Every structure is written in structure tokens, then in C-alpha cells.
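Colleague: My structure is in data_5.cif, and what it holds is mmCIF, C-alpha atoms:
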```cif
data_upload
#
loop_
_atom_site.label_atom_id
_atom_site.label_comp_id
_atom_site.auth_asym_id
_atom_site.auth_seq_id
_atom_site.Cartn_x
_atom_site.Cartn_y
_atom_site.Cartn_z
CA MET V 1 -43.54 73.85 -51.49
CA LYS V 2 -43.11 70.39 -52.84
CA GLY V 3 -40.28 71.63 -55.05
CA THR V 4 -38.41 73.00 -52.09
CA VAL V 5 -38.68 69.72 -50.22
CA ARG V 6 -37.34 67.78 -53.18
CA MET V 7 -34.40 70.12 -53.51
CA ARG V 8 -33.50 69.53 -49.90
CA GLU V 9 -33.78 65.78 -50.25
CA ARG V 10 -31.59 65.81 -53.32
CA ARG V 11 -28.97 67.92 -51.53
CA THR V 12 -29.00 65.63 -48.54
CA ALA V 13 -28.58 62.59 -50.82
CA LEU V 14 -25.65 64.21 -52.62
CA ILE V 15 -23.94 65.02 -49.34
CA GLY V 16 -24.42 61.48 -48.12
CA PHE V 17 -23.07 60.06 -51.34
CA ALA V 18 -20.00 62.31 -51.08
CA ILE V 19 -19.37 61.13 -47.54
CA ILE V 20 -19.65 57.46 -48.56
CA ALA V 21 -17.34 57.97 -51.54
CA ALA V 22 -14.74 59.71 -49.42
CA THR V 23 -14.87 56.89 -46.94
CA LEU V 24 -14.43 54.28 -49.64
CA LEU V 25 -11.53 56.17 -51.19
CA SER V 26 -9.76 56.48 -47.86
CA GLY V 27 -10.11 52.71 -47.34
CA CYS V 28 -8.45 51.97 -50.69
CA THR V 29 -5.28 53.88 -49.83
CA THR V 30 -2.26 51.55 -50.24
CA SER V 31 -0.41 50.99 -47.01
CA ALA V 32 3.38 51.22 -46.92
CA PRO V 33 4.95 47.75 -47.43
CA VAL V 34 6.01 46.05 -44.26
CA GLU V 35 9.64 45.12 -44.29
CA PRO V 36 10.00 41.40 -43.65
CA SER V 37 11.74 40.69 -40.44
CA ALA V 38 15.22 39.27 -40.74
CA ALA V 39 15.38 35.51 -40.53
CA PRO V 40 16.52 34.43 -37.10
CA THR V 41 20.18 33.50 -37.00
CA ALA V 42 20.58 29.87 -36.02
CA ASN V 43 22.83 29.32 -33.06
CA PRO V 44 25.88 27.39 -34.20
CA SER V 45 25.67 23.86 -32.86
CA THR V 46 28.42 22.90 -30.50
CA THR V 47 30.71 20.42 -32.27
CA PRO V 48 31.44 17.61 -29.85
CA THR V 49 35.10 17.16 -29.16
CA SER V 50 36.08 13.76 -30.47
CA GLU V 51 37.76 11.55 -27.92
CA PRO V 52 41.26 10.50 -28.95
CA ASP V 53 41.45 6.91 -30.09
CA THR V 54 42.68 4.66 -27.34
CA VAL V 55 45.85 2.95 -28.50
CA VAL V 56 46.07 -0.57 -27.17
CA GLU V 57 49.68 -1.60 -27.09
CA ALA V 58 50.33 -5.16 -28.17
CA ASP V 59 51.65 -7.47 -25.50
CA PRO V 60 55.21 -8.50 -26.49
CA ILE V 61 54.45 -12.07 -25.45
CA ASP V 62 51.97 -12.29 -28.35
CA SER V 63 54.79 -11.77 -30.87
CA VAL V 64 56.75 -14.85 -29.78
CA THR V 65 56.96 -17.50 -32.50
CA THR V 66 60.10 -19.45 -31.58
CA PHE V 67 61.86 -20.81 -28.50
CA VAL V 68 65.62 -21.13 -28.97
CA VAL V 69 67.52 -23.15 -26.40
CA ARG V 70 70.96 -21.74 -25.53
CA PRO V 71 73.67 -22.86 -23.06
CA GLU V 72 72.92 -20.02 -20.59
CA GLY V 73 69.20 -19.47 -21.07
CA LEU V 74 66.05 -19.82 -23.14
CA GLU V 75 65.42 -17.18 -25.79
CA LEU V 76 61.87 -16.31 -26.90
CA ARG V 77 62.06 -14.76 -30.37
CA ASP V 78 59.60 -13.16 -32.77
CA ALA V 79 59.10 -13.86 -36.48
CA THR V 80 62.05 -11.61 -37.41
CA GLY V 81 64.41 -13.52 -35.14
CA ALA V 82 64.64 -10.72 -32.57
CA VAL V 83 64.85 -11.80 -28.92
CA VAL V 84 61.68 -10.72 -27.09
CA PHE V 85 62.47 -12.40 -23.76
CA GLU V 86 65.64 -14.03 -22.46
CA LEU V 87 65.07 -16.38 -19.54
CA ASP V 88 68.12 -17.15 -17.39
CA TYR V 89 68.48 -20.71 -16.05
CA LEU V 90 69.75 -19.23 -12.78
CA ALA V 91 66.76 -16.93 -12.26
CA ASP V 92 63.37 -17.47 -10.62
CA THR V 93 61.59 -20.59 -11.89
CA ALA V 94 58.05 -19.32 -11.24
CA ALA V 95 58.68 -16.27 -13.42
CA ALA V 96 60.01 -18.46 -16.23
CA VAL V 97 56.96 -20.76 -16.02
CA ALA V 98 54.63 -17.75 -16.12
CA THR V 99 56.37 -16.32 -19.21
CA VAL V 100 56.28 -19.65 -21.06
CA THR V 101 52.61 -20.09 -20.11
CA GLY V 102 51.84 -16.68 -21.60
CA ALA V 103 53.68 -17.49 -24.82
CA LEU V 104 52.08 -20.91 -25.28
CA GLY V 105 48.63 -19.87 -24.10
CA SER V 106 47.97 -22.72 -21.69
CA ALA V 107 49.04 -24.08 -18.34
CA PRO V 108 51.53 -26.96 -18.22
CA VAL V 109 51.01 -30.54 -17.17
CA ASP V 110 53.30 -31.25 -14.21
CA GLU V 111 55.15 -34.46 -13.47
CA MET V 112 57.60 -35.32 -10.71
CA TYR V 113 61.00 -36.91 -11.41
CA SER V 114 63.10 -38.57 -8.74
CA GLY V 115 66.47 -37.64 -10.26
CA GLY V 116 69.64 -39.70 -10.42
CA ASN V 117 73.41 -39.45 -10.55
CA HIS V 118 73.52 -36.63 -13.06
CA PHE V 119 70.40 -34.63 -12.24
CA PRO V 120 68.63 -33.77 -8.97
CA PRO V 121 64.91 -34.43 -8.48
CA SER V 122 62.75 -32.08 -10.52
CA THR V 123 59.24 -31.06 -11.38
CA ALA V 124 58.74 -31.18 -15.13
CA HIS V 125 56.35 -28.51 -16.38
CA ARG V 126 55.33 -29.89 -19.77
CA TRP V 127 53.62 -28.24 -22.74
CA GLY V 128 53.63 -30.99 -25.34
CA ALA V 129 57.14 -31.22 -26.79
CA PHE V 130 58.49 -28.49 -24.49
CA GLU V 131 59.53 -29.28 -20.91
CA LEU V 132 60.79 -26.90 -18.24
CA HIS V 133 62.43 -28.86 -15.42
CA GLU V 134 62.36 -27.14 -12.05
CA ARG V 135 65.31 -28.51 -10.07
CA ARG V 136 64.77 -29.56 -6.45
CA TYR V 137 67.98 -29.86 -4.47
CA VAL V 138 66.80 -32.32 -1.84
CA ASP V 139 67.81 -35.69 -0.43
CA ARG V 140 71.35 -36.52 -1.57
CA TRP V 141 71.37 -33.27 -3.56
CA ASP V 142 70.76 -31.08 -0.52
CA PHE V 143 74.44 -30.07 -0.51
CA ALA V 144 73.58 -27.72 -3.39
CA ALA V 145 70.41 -26.30 -1.86
CA SER V 146 72.05 -23.16 -0.46
CA ASP V 147 74.89 -22.81 -2.94
CA PRO V 148 74.86 -19.91 -5.40
CA ARG V 149 73.24 -21.13 -8.59
CA THR V 150 75.56 -22.07 -11.46
CA LEU V 151 74.83 -23.62 -14.83
CA GLY V 152 75.98 -26.89 -13.26
CA GLN V 153 73.32 -26.45 -10.56
CA PRO V 154 70.72 -24.17 -12.19
CA ALA V 155 67.29 -23.24 -10.91
CA TRP V 156 65.77 -24.91 -13.96
CA GLY V 157 66.55 -26.34 -17.39
CA VAL V 158 64.73 -27.25 -20.60
CA VAL V 159 64.15 -30.26 -22.82
CA PHE V 160 62.75 -30.24 -26.37
CA THR V 161 61.31 -33.55 -27.55
CA GLY V 162 59.93 -32.26 -30.87
CA PRO V 163 60.25 -29.37 -33.31
CA GLN V 164 57.05 -27.54 -32.33
CA THR V 165 54.39 -27.10 -29.67
CA ALA V 166 51.26 -24.88 -29.60
CA ASP V 167 52.26 -23.14 -32.85
CA VAL V 168 55.66 -22.20 -31.40
CA THR V 169 58.79 -23.56 -33.07
CA LEU V 170 61.34 -25.25 -30.79
CA ASN V 171 64.82 -24.85 -32.16
CA THR V 172 68.54 -24.48 -31.50
CA GLU V 173 70.79 -21.63 -32.59
CA GLN V 174 72.05 -23.81 -35.46
CA ARG V 175 68.47 -24.81 -36.41
CA VAL V 176 68.88 -28.46 -35.53
CA PRO V 177 65.66 -29.36 -33.65
CA ALA V 178 64.52 -32.60 -32.10
CA GLY V 179 63.36 -34.97 -34.81
CA THR V 180 66.33 -34.21 -37.08
CA ALA V 181 68.05 -37.28 -38.57
CA TRP V 182 70.97 -38.30 -36.35
CA ALA V 183 73.15 -38.83 -39.43
CA ASP V 184 72.61 -35.18 -40.39
CA LEU V 185 73.73 -34.07 -36.94
CA GLU V 186 76.87 -36.22 -37.11
CA ALA V 187 77.70 -34.75 -40.51
CA ASN V 188 77.72 -31.20 -39.11
CA PRO V 189 81.37 -30.00 -39.12
CA ALA V 190 80.77 -27.86 -35.99
CA LEU V 191 79.73 -30.88 -33.89
CA GLN V 192 81.72 -31.32 -30.66
CA LEU V 193 81.94 -34.51 -28.63
CA ASN V 194 82.27 -34.84 -24.86
CA PRO V 195 85.51 -36.71 -24.11
CA SER V 196 83.80 -38.52 -21.23
CA GLY V 197 80.85 -39.57 -23.36
CA CYS V 198 78.50 -38.77 -20.47
CA SER V 199 76.62 -36.14 -22.46
CA GLY V 200 76.60 -34.55 -25.84
CA PRO V 201 77.36 -34.18 -28.64
CA TYR V 202 77.09 -30.38 -28.86
CA LEU V 203 76.81 -27.62 -31.40
CA ASP V 204 76.32 -24.67 -29.03
CA PHE V 205 78.46 -24.20 -25.91
CA ILE V 206 80.12 -21.53 -23.76
CA THR V 207 82.93 -21.38 -21.20
CA ARG V 208 82.43 -19.81 -17.79
CA GLU V 209 84.85 -19.05 -15.01
CA GLU V 210 83.70 -20.62 -11.75
CA THR V 211 85.07 -21.11 -8.26
CA TRP V 212 85.16 -24.23 -6.14
CA PRO V 213 84.21 -23.95 -2.43
CA ASP V 214 87.94 -24.05 -1.57
CA GLY V 215 88.51 -20.95 -3.69
CA THR V 216 89.97 -22.69 -6.73
CA VAL V 217 89.06 -20.86 -9.96
CA TYR V 218 88.53 -22.97 -13.06
CA GLN V 219 87.06 -22.86 -16.53
CA GLN V 220 83.88 -24.86 -17.05
CA ARG V 221 82.09 -25.52 -20.35
CA TYR V 222 78.31 -25.75 -20.73
CA GLY V 223 76.31 -26.53 -23.80
CA VAL V 224 73.14 -27.60 -25.53
CA ASP V 225 73.33 -31.32 -26.12
CA PHE V 226 71.50 -33.84 -28.29
CA GLU V 227 70.21 -37.28 -27.33
CA ALA V 228 69.60 -39.97 -29.92
CA ASP V 229 66.73 -42.43 -29.91
CA GLU V 230 67.49 -46.08 -29.19
CA GLY V 231 68.30 -46.87 -32.80
CA ARG V 232 70.36 -43.65 -33.26
CA THR V 233 68.17 -42.64 -36.19
CA VAL V 234 66.84 -39.27 -35.01
CA ILE V 235 67.47 -36.66 -32.33
CA GLU V 236 65.10 -37.69 -29.56
CA ALA V 237 65.76 -34.74 -27.24
CA VAL V 238 67.58 -31.43 -27.05
CA ARG V 239 68.66 -30.37 -23.52
CA ALA V 240 70.26 -27.44 -21.71
CA PRO V 241 72.11 -26.46 -19.68
CA ILE V 242 74.45 -29.45 -19.75
CA GLY V 243 77.91 -29.42 -18.20
CA ILE V 244 80.72 -30.75 -20.38
CA TYR V 245 82.84 -32.67 -17.87
CA ASP V 246 85.92 -34.84 -18.33
CA GLY V 247 84.53 -37.63 -16.17
CA CYS V 248 81.16 -39.23 -15.39
CA ALA V 249 79.54 -39.05 -11.99
#
```
Just dump the structure as C-alpha cells.

Modeller:
Amino acid sequence: MKGTVRMRERRTALIGFAIIAATLLSGCTTSAPVEPSAAPTANPSTTPTSEPDTVVEADPIDSVTTFVVRPEGLELRDATGAVVFELDYLADTAAAVATVTGALGSAPVDEMYSGGNHFPPSTAHRWGAFELHERRYVDRWDFAASDPRTLGQPAWGVVFTGPQTADVTLNTEQRVPAGTAWADLEANPALQLNPSGCSGPYLDFITREETWPDGTVYQQRYGVDFEADEGRTVIEAVRAPIGIYDGCA
């Protein structure tokens, strides 16, 4: 009897062992490899559109290096000698003052002049050695107040009393500025004298056809003239426009 019981126990143990072994073997089965997921594709970043560079155009007035006085107007030139602005003596005075102020970088100092036989009263707008004289046709000059402007009766004129102001050169077409030795001016073969001696001498002049109030047409000369100092040693002033007349007023 005992032998039978032991046989049963051994059989039961073997069956249990077989079940455990089968379970362990099934747990050791290698699983199929898991394919790695594809790396996420990065969204391309939006490239910012670059703003076009803003081109700041240079102001022509900033290129002016020289004022050249001429019989019919004032020329503002750059370093190459090219004319940047041409200011007409017959045109608006306020516009001329504004342009000169821009070129020289400062406002003028103003002074009143009472005038005389040759020139009407004026307001001198002065920047150091450069003067712009605004003509005022009043008092005994009121006869010219409503007349069309001519170079004999311009809206304004200029005077140079030195070769430079505010880093701007003040010159003539022939490069004979104020401050030049008077002897050097007299030695210039192009120098012209005024027969009346009321103005001049001149190196730069033009001839214009003008009409008297009675309708008479005539030829009138205007120029850039030079004034000597008291001892006639240097050019004290360069002026324009100046009429070249046969007689003195």
C-alpha cells in the first residue's frame, strides 16, 4: 500500500516539474525585435526675409566745398569743381540765404547798411568772410522797387573779405581770392580797368542786352571787381555783381 502511494506522489511530482519547465521555456522565447520608430522630421524653420538696406541719399549741399563768385550769380561747387548749386542774383533772396546757411552750417549775423550813391540800403547777412547783401530799394532808391530786376539792380549781391569761411573756400573763376597781393592782381594780363574808375578792376565780366524805360536797347557790362586795402597791398574785398559804367553816379 505504501508503495502505491509513493508511486503516485512521484508521478504527481514529475507532472508538476514538467509543467514548471514548460512554463519557464515558454518565458525564455525570444520576442521579435521591435523596429525603431523613424526619427521625427524637423519642420524646416522659416527663414526670415531680410529687409532691404535703406539707402540714405547724401544731401547735395553737404558736397559743397567752394563758393565761386561770378558776374551773374554765385556758384556752389564740390571738390571736383562741378557746380552743385547756381544762385542767381535776380532770384529770391530768402532762398539764397537758406542755401548758403545749409552749405556753411550756421545762421548768419545780420547788419543793416544805409546805402549811398552807388548802392541802395541793404541787409548784410554775414558768415565770417562771406557776406550776402540783400538790397532794399527804399527811400531815394524807391524808383527801382517795382522795376524788373537787372544785374544793375539785383535782388542781392555778394562780398568776399577773405579766402575762406567755415571750411568753405571763397574764390573767383580765375582763383584770385581776397587776401591776394594787389601787385599780383595788377600783373595779371587779363585784368580790365573801368574807364570811369568808379569800380574795378575786373577779371571776370559779361555783357548783357538791356532796355531803358523809354525802350532804348543797349549793351551793359557787369563783372566781379576787386577792392584794394588803404595801402594797395592786398585785395581787401571781392564783389559782384558790379556794373561797369562810363561815368560815376

Colleague: Could you expand the PyMOL selection byres ((chain V and resi 187-198) around 12) into the explicit residues it covers here, written as number ranges by chain?

Modeller: V: 117-118, 174-176, 180-186, 199-205, 221-227, 242-249

Colleague: From the set V:Gly215, V:Gly162, V:Pro154, V:Gly231, which residue has the shortest atom-to-atom contact distance to Pro71 (chain V), counting all atoms listed in the file?

Modeller: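 Of V:Gly215, V:Gly162, V:Pro154, V:Gly231, the one nearest Pro71 (chain V) is V:Pro154, counting all atoms listed in the file.
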
Colleague: So the first atom is CA of Asn171 (chain V) and the second is CA of Thr66 (chain V); what is the distance between them in Å, to one decimal place?

Modeller: 7.2 Å

Colleague: Check what the PyMOL selection byres ((chain V and resi 82) around 12) selects in the file above and give those residues as a VMD selection string.

Modeller: chain V and resid 60 63 to 68 75 to 81 83 to 86

Colleague: Can you work out the spacing between CA of Ala98 (chain V) and CA of Tyr137 (chain V) in Å, to one decimal?

Modeller: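 Going from CA of Ala98 (chain V) over to CA of Tyr137 (chain V), I get 21.5 Å.
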
Colleague: Go through the shown structure with the PyMOL selection byres ((chain V and resi 128) around 12) and write out the matching residues as a compact mmCIF listing (two decimals) with C-alpha atoms, keeping the file's coordinate frame.

Modeller:
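part-v9.txt was written with the following content:
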```
# COMPACT_ATOMS: atom_id res chain seq x y z
CA LEU V 104 52.08 -20.91 -25.28
CA SER V 106 47.97 -22.72 -21.69
CA ALA V 107 49.04 -24.08 -18.34
CA PRO V 108 51.53 -26.96 -18.22
CA VAL V 109 51.01 -30.54 -17.17
CA ASP V 110 53.30 -31.25 -14.21
CA ALA V 124 58.74 -31.18 -15.13
CA HIS V 125 56.35 -28.51 -16.38
CA ARG V 126 55.33 -29.89 -19.77
CA TRP V 127 53.62 -28.24 -22.74
CA ALA V 129 57.14 -31.22 -26.79
CA PHE V 130 58.49 -28.49 -24.49
CA GLU V 131 59.53 -29.28 -20.91
CA LEU V 132 60.79 -26.90 -18.24
CA VAL V 159 64.15 -30.26 -22.82
CA PHE V 160 62.75 -30.24 -26.37
CA THR V 161 61.31 -33.55 -27.55
CA GLY V 162 59.93 -32.26 -30.87
CA PRO V 163 60.25 -29.37 -33.31
CA GLN V 164 57.05 -27.54 -32.33
CA THR V 165 54.39 -27.10 -29.67
CA ALA V 166 51.26 -24.88 -29.60
CA ASP V 167 52.26 -23.14 -32.85
CA VAL V 168 55.66 -22.20 -31.40
CA THR V 169 58.79 -23.56 -33.07
CA LEU V 170 61.34 -25.25 -30.79
```

Colleague: In Å, with one decimal, what is the gap from CA of Gly179 (chain V) to CA of Gly152 (chain V)?

Modeller: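 About the pair CA of Gly179 (chain V) and CA of Gly152 (chain V): they are 26.2 Å apart.
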
Colleague: I'd like the neighbourhood of Thr211 (chain V) as a ChimeraX atom specification, where a residue qualifies if any of its atoms comes within 12 Å (using all atoms listed in the file), though same-chain residues fewer than 4 positions away should be ignored.

Modeller: /V:147-150,152,215-220

Colleague: Which residue out of V:Ala145, V:Ala95, V:Val56, V:Val69 has the minimum interatomic distance to Arg239 (chain V) when all atoms listed in the file are used?

Modeller: V:Val69

Colleague: From the list V:Pro241, V:Ala58, V:Thr99, V:Ile206, which residue is nearest Gly73 (chain V) when using all atoms listed in the file?

Modeller: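 Under the stated criterion, the closest residue is V:Pro241.
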
Colleague: Which residue out of V:Glu57, V:Gln153, V:Gly102, V:Leu90 has the minimum interatomic distance to Pro121 (chain V) when all atoms listed in the file are used?

Modeller: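 For Pro121 (chain V), the nearest of the candidates is V:Gln153.
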
Colleague: Would you please work out which residue, of V:Pro177, V:Val234, V:Ala144, V:Ser114, is nearest to Pro213 (chain V) when using all atoms listed in the file?

Modeller: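 Ranked by minimum distance to Pro213 (chain V), first place goes to V:Ala144.
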
Colleague: Take region 113-144 of chain V, bring it up to N, CA and C atoms, and give me the output as a compact mmCIF listing (two decimals), keeping the file's coordinate frame.

Modeller:
```txt
# COMPACT_ATOMS: atom_id res chain seq x y z
N TYR V 113 59.92 -35.99 -11.10
CA TYR V 113 61.00 -36.91 -11.41
C TYR V 113 61.88 -37.07 -10.18
N SER V 114 62.32 -38.28 -9.96
CA SER V 114 63.10 -38.57 -8.74
C SER V 114 64.57 -38.20 -8.87
N GLY V 115 65.07 -37.99 -10.08
CA GLY V 115 66.47 -37.64 -10.26
C GLY V 115 67.37 -38.86 -10.31
N GLY V 116 68.67 -38.59 -10.34
CA GLY V 116 69.64 -39.70 -10.42
C GLY V 116 71.03 -39.18 -10.14
N ASN V 117 72.03 -39.84 -10.78
CA ASN V 117 73.41 -39.45 -10.55
C ASN V 117 73.76 -38.11 -11.19
N HIS V 118 73.15 -37.82 -12.33
CA HIS V 118 73.52 -36.63 -13.06
C HIS V 118 72.60 -35.44 -12.82
N PHE V 119 71.37 -35.71 -12.43
CA PHE V 119 70.40 -34.63 -12.24
C PHE V 119 69.67 -34.81 -10.91
N PRO V 120 69.39 -33.69 -10.22
CA PRO V 120 68.63 -33.77 -8.97
C PRO V 120 67.16 -34.03 -9.27
N PRO V 121 66.36 -34.32 -8.26
CA PRO V 121 64.91 -34.43 -8.48
C PRO V 121 64.38 -33.14 -9.10
N SER V 122 63.30 -33.27 -9.85
CA SER V 122 62.75 -32.08 -10.52
C SER V 122 61.26 -32.23 -10.73
N THR V 123 60.64 -31.10 -10.94
CA THR V 123 59.24 -31.06 -11.38
C THR V 123 59.26 -30.64 -12.84
N ALA V 124 58.78 -31.50 -13.71
CA ALA V 124 58.74 -31.18 -15.13
C ALA V 124 57.43 -30.49 -15.45
N HIS V 125 57.52 -29.25 -15.90
CA HIS V 125 56.35 -28.51 -16.38
C HIS V 125 56.32 -28.72 -17.89
N ARG V 126 55.33 -29.45 -18.37
CA ARG V 126 55.33 -29.89 -19.77
C ARG V 126 54.20 -29.27 -20.58
N TRP V 127 54.57 -28.71 -21.73
CA TRP V 127 53.62 -28.24 -22.74
C TRP V 127 53.91 -29.03 -24.02
N GLY V 128 53.35 -30.19 -24.16
CA GLY V 128 53.63 -30.99 -25.34
C GLY V 128 55.10 -31.34 -25.45
N ALA V 129 55.74 -30.89 -26.53
CA ALA V 129 57.14 -31.22 -26.79
C ALA V 129 58.13 -30.32 -26.04
N PHE V 130 57.62 -29.37 -25.26
CA PHE V 130 58.49 -28.49 -24.49
C PHE V 130 58.37 -28.80 -23.01
N GLU V 131 59.51 -28.99 -22.35
CA GLU V 131 59.53 -29.28 -20.91
C GLU V 131 60.46 -28.30 -20.21
N LEU V 132 59.97 -27.73 -19.11
CA LEU V 132 60.79 -26.90 -18.24
C LEU V 132 60.94 -27.65 -16.93
N HIS V 133 62.18 -28.05 -16.61
CA HIS V 133 62.43 -28.86 -15.42
C HIS V 133 62.89 -27.97 -14.27
N GLU V 134 62.05 -27.91 -13.25
CA GLU V 134 62.36 -27.14 -12.05
C GLU V 134 63.16 -28.03 -11.11
N ARG V 135 64.42 -27.67 -10.88
CA ARG V 135 65.31 -28.51 -10.07
C ARG V 135 64.97 -28.39 -8.59
N ARG V 136 65.01 -29.53 -7.90
CA ARG V 136 64.77 -29.56 -6.45
C ARG V 136 65.99 -30.21 -5.79
N TYR V 137 66.74 -29.39 -5.09
CA TYR V 137 67.98 -29.86 -4.47
C TYR V 137 67.67 -30.41 -3.07
N VAL V 138 67.20 -31.65 -3.07
CA VAL V 138 66.80 -32.32 -1.84
C VAL V 138 67.48 -33.69 -1.78
N ASP V 139 67.26 -34.34 -0.64
CA ASP V 139 67.81 -35.69 -0.43
C ASP V 139 69.33 -35.64 -0.61
N ARG V 140 69.89 -36.49 -1.43
CA ARG V 140 71.35 -36.52 -1.57
C ARG V 140 71.89 -35.31 -2.33
N TRP V 141 70.97 -34.48 -2.87
CA TRP V 141 71.37 -33.27 -3.56
C TRP V 141 71.25 -32.03 -2.66
N ASP V 142 70.98 -32.24 -1.39
CA ASP V 142 70.76 -31.08 -0.52
C ASP V 142 72.04 -30.27 -0.29
N PHE V 143 73.18 -30.82 -0.64
CA PHE V 143 74.44 -30.07 -0.51
C PHE V 143 74.43 -28.82 -1.40
N ALA V 144 73.62 -28.85 -2.46
CA ALA V 144 73.58 -27.72 -3.39
C ALA V 144 72.41 -26.78 -3.13
```
